[in-house]
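Reviewing the structure listed below.
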Amino acid sequence: MWVKICGITSEEDALLAVAMGADAVGFVFAPSLRQMTPPAVNAITRRLPPEIVTVGVFRDERPQTVVDVVNKAGLKAAQLHGHESREDSGYVSVRVPLVIKAFVAGDHRIDQAEEYGADVILVDAPSPGSGKVFDWQLAEGAPRGRRLVLAGGLDPDNVAEAIRRVHPWGVDVSSGVEREVGKKDPMKVRAFVQAVRATEPEPYDPDGTAPYDWQEER
């Protein structure tokens, strides 16, 4: 299960998310209390392990600006969290390694999500960043066979149930692991990641024992 910790505003919180087992960290460039600048984000991304997916979050931004910011900030992905057209999303998708296209739960455009050229589809609450949970049944309209990330009001207490109900490819959290706006709570981040990992199936072991050691027979 892919885990993204979004709304990162400091190197400390980025390193915290990585240390706790997150696969991706997100930086908001859209107007927000958590809004960041490209130079500030670049200073953070340079300190992160190469396997971590660094994501810039944009809302109704000019496609060329999205591409420019991704490059200047040293990011690996762009999350388009507004009403971007198919053309704008497609423009970004051929110039950025990974594109996440977000849709509000229940948005009729989810039915045509594959036309946006995105690698990942994210379904969020009507008010992103509000911490409010939406009816998870509304995520069922997302195309099957695509990487679906669930967001919107997730926290350590409800993420396991959300995964059980929706069966997403990944989950995205921001305010649900904060102690205050823009500041992550280490205990909440750890609890969130642990709750997600607990939903993953155990590795297959037919005997429940360690692998056969041929050297013991010699």
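Letters A, B, ... go to the chains of the structure tokens in the order shown; residues in each chain start at 1; ligands are counted from 1 in the same order.
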
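Residues within 12 Å of Ile163 in chain A, counting only C-alpha atoms and excluding same-chain residues fewer than 5 positions away, are A:Met1, A:Trp2, A:Val3, A:Trp136, A:Gln137, A:Ala139, A:Leu148, A:Val149, A:Leu150, A:Ala151, A:Leu154, A:Asp155, A:Pro156, A:Asp157, A:Asn158, A:Pro168, A:Trp169, A:Gly170, A:Val171, A:Asp172, A:Ala195, A:Val196, A:Arg197, A:Ala198, A:Thr199, A:Glu200.
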
For those residues, write C-alpha atoms to a file as a PDB file, in the first residue's frame.
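Now in out-v1.pdb:
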```
ATOM      1  CA  MET A   1       0.000   0.000   0.000  1.00  0.00           C
ATOM      2  CA  TRP A   2       1.432   3.328  -1.150  1.00  0.00           C
ATOM      3  CA  VAL A   3       1.469   5.984   1.586  1.00  0.00           C
ATOM      4  CA  TRP A 136     -16.392   6.289   0.654  1.00  0.00           C
ATOM      5  CA  GLN A 137     -18.990   4.695  -1.618  1.00  0.00           C
ATOM      6  CA  ALA A 139     -14.995   6.432  -4.687  1.00  0.00           C
ATOM      7  CA  LEU A 148      -6.422   4.787  -7.052  1.00  0.00           C
ATOM      8  CA  VAL A 149      -5.309   6.871  -4.078  1.00  0.00           C
ATOM      9  CA  LEU A 150      -7.839   7.666  -1.384  1.00  0.00           C
ATOM     10  CA  ALA A 151      -7.663  10.994   0.487  1.00  0.00           C
ATOM     11  CA  LEU A 154      -8.090  10.049   6.765  1.00  0.00           C
ATOM     12  CA  ASP A 155      -6.354   9.631  10.106  1.00  0.00           C
ATOM     13  CA  PRO A 156      -4.802   6.827  12.178  1.00  0.00           C
ATOM     14  CA  ASP A 157      -8.213   5.796  13.531  1.00  0.00           C
ATOM     15  CA  ASN A 158     -10.155   5.440  10.269  1.00  0.00           C
ATOM     16  CA  PRO A 168      -7.297   1.634  -2.956  1.00  0.00           C
ATOM     17  CA  TRP A 169      -3.764   1.314  -4.322  1.00  0.00           C
ATOM     18  CA  GLY A 170      -2.642   4.043  -1.928  1.00  0.00           C
ATOM     19  CA  VAL A 171      -3.701   6.559   0.718  1.00  0.00           C
ATOM     20  CA  ASP A 172      -2.929  10.243   1.202  1.00  0.00           C
ATOM     21  CA  ALA A 195      -2.357   1.207  10.618  1.00  0.00           C
ATOM     22  CA  VAL A 196      -1.895   1.088   6.850  1.00  0.00           C
ATOM     23  CA  ARG A 197       0.813  -1.580   7.000  1.00  0.00           C
ATOM     24  CA  ALA A 198      -1.359  -3.691   9.293  1.00  0.00           C
ATOM     25  CA  THR A 199      -3.917  -4.032   6.490  1.00  0.00           C
ATOM     26  CA  GLU A 200      -1.381  -5.596   4.139  1.00  0.00           C
TER      27      GLU A 200
END
```

Extract the full set of strand (DSSP E) residues from chain A according to DSSP on the backbone, and format it as an mmCIF file with C-alpha atoms, in the first residue's frame.
```
data_model
loop_
_atom_site.group_PDB
_atom_site.id
_atom_site.type_symbol
_atom_site.label_atom_id
_atom_site.label_comp_id
_atom_site.auth_asym_id
_atom_site.auth_seq_id
_atom_site.Cartn_x
_atom_site.Cartn_y
_atom_site.Cartn_z
ATOM 1 C CA TRP A 2 1.432 3.328 -1.150
ATOM 2 C CA VAL A 3 1.469 5.984 1.586
ATOM 3 C CA LYS A 4 1.780 9.715 0.901
ATOM 4 C CA ILE A 5 2.174 12.271 3.664
ATOM 5 C CA ALA A 24 5.888 9.796 -0.841
ATOM 6 C CA VAL A 25 5.765 13.327 0.549
ATOM 7 C CA GLY A 26 3.727 16.192 -0.847
ATOM 8 C CA PHE A 27 4.353 19.939 -0.986
ATOM 9 C CA VAL A 28 1.509 22.369 -1.638
ATOM 10 C CA VAL A 53 8.380 10.136 -4.465
ATOM 11 C CA THR A 54 8.321 13.912 -4.011
ATOM 12 C CA VAL A 55 5.055 15.485 -5.166
ATOM 13 C CA GLY A 56 4.085 19.071 -5.911
ATOM 14 C CA VAL A 57 0.394 19.849 -5.416
ATOM 15 C CA PHE A 58 -1.161 22.405 -7.775
ATOM 16 C CA ALA A 77 5.618 14.184 -9.552
ATOM 17 C CA ALA A 78 2.826 16.710 -10.006
ATOM 18 C CA GLN A 79 -0.575 16.397 -8.383
ATOM 19 C CA LEU A 80 -3.247 18.356 -10.241
ATOM 20 C CA LEU A 98 4.532 11.045 -12.647
ATOM 21 C CA VAL A 99 1.148 12.798 -12.672
ATOM 22 C CA ILE A 100 -1.582 12.374 -10.065
ATOM 23 C CA LYS A 101 -4.973 13.739 -11.115
ATOM 24 C CA ALA A 102 -7.309 14.479 -8.240
ATOM 25 C CA PHE A 103 -11.093 14.399 -8.446
ATOM 26 C CA VAL A 104 -13.697 15.315 -5.860
ATOM 27 C CA VAL A 120 -2.528 7.831 -10.603
ATOM 28 C CA ILE A 121 -6.108 8.873 -9.802
ATOM 29 C CA LEU A 122 -6.793 10.482 -6.418
ATOM 30 C CA VAL A 123 -10.265 10.797 -4.935
ATOM 31 C CA ASP A 124 -10.664 13.498 -2.297
ATOM 32 C CA ARG A 147 -3.917 3.192 -9.402
ATOM 33 C CA LEU A 148 -6.422 4.787 -7.052
ATOM 34 C CA VAL A 149 -5.309 6.871 -4.078
ATOM 35 C CA LEU A 150 -7.839 7.666 -1.384
ATOM 36 C CA GLY A 170 -2.642 4.043 -1.928
ATOM 37 C CA VAL A 171 -3.701 6.559 0.718
ATOM 38 C CA ASP A 172 -2.929 10.243 1.202
ATOM 39 C CA VAL A 173 -3.042 12.140 4.492
ATOM 40 C CA GLU A 178 -0.855 17.180 12.219
ATOM 41 C CA ARG A 179 -0.530 18.633 15.720
ATOM 42 C CA GLU A 180 -1.285 22.064 14.219
ATOM 43 C CA LYS A 183 3.217 20.802 11.586
ATOM 44 C CA LYS A 184 3.211 17.011 11.683
#
```

Practice item. List every residue of range 86-191 of chain A that DSSP, applied to the backbone of this structure, assigns to helix (DSSP H, G or I), and report them as a VMD selection string. Key: chain A and resid 86 to 93 108 to 116 136 to 141 159 to 166 175 to 177 186 to 191

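Each of A:Val70, A:Ser175, A:Ala40, A:Glu161 was compared to Cys6 in chain A using only C-alpha atoms, and A:Ser175 turns out to be the nearest.
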
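CA of Pro50 in chain A sits 15.3 Å away from CA of Asn71 in chain A.
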
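From CA of Leu75 in chain A back to CA of Asn42 in chain A, the distance works out to 7.8 Å.
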
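Between CA of Pro38 in chain A and CA of Glu11 in chain A the separation is 13.5 Å.
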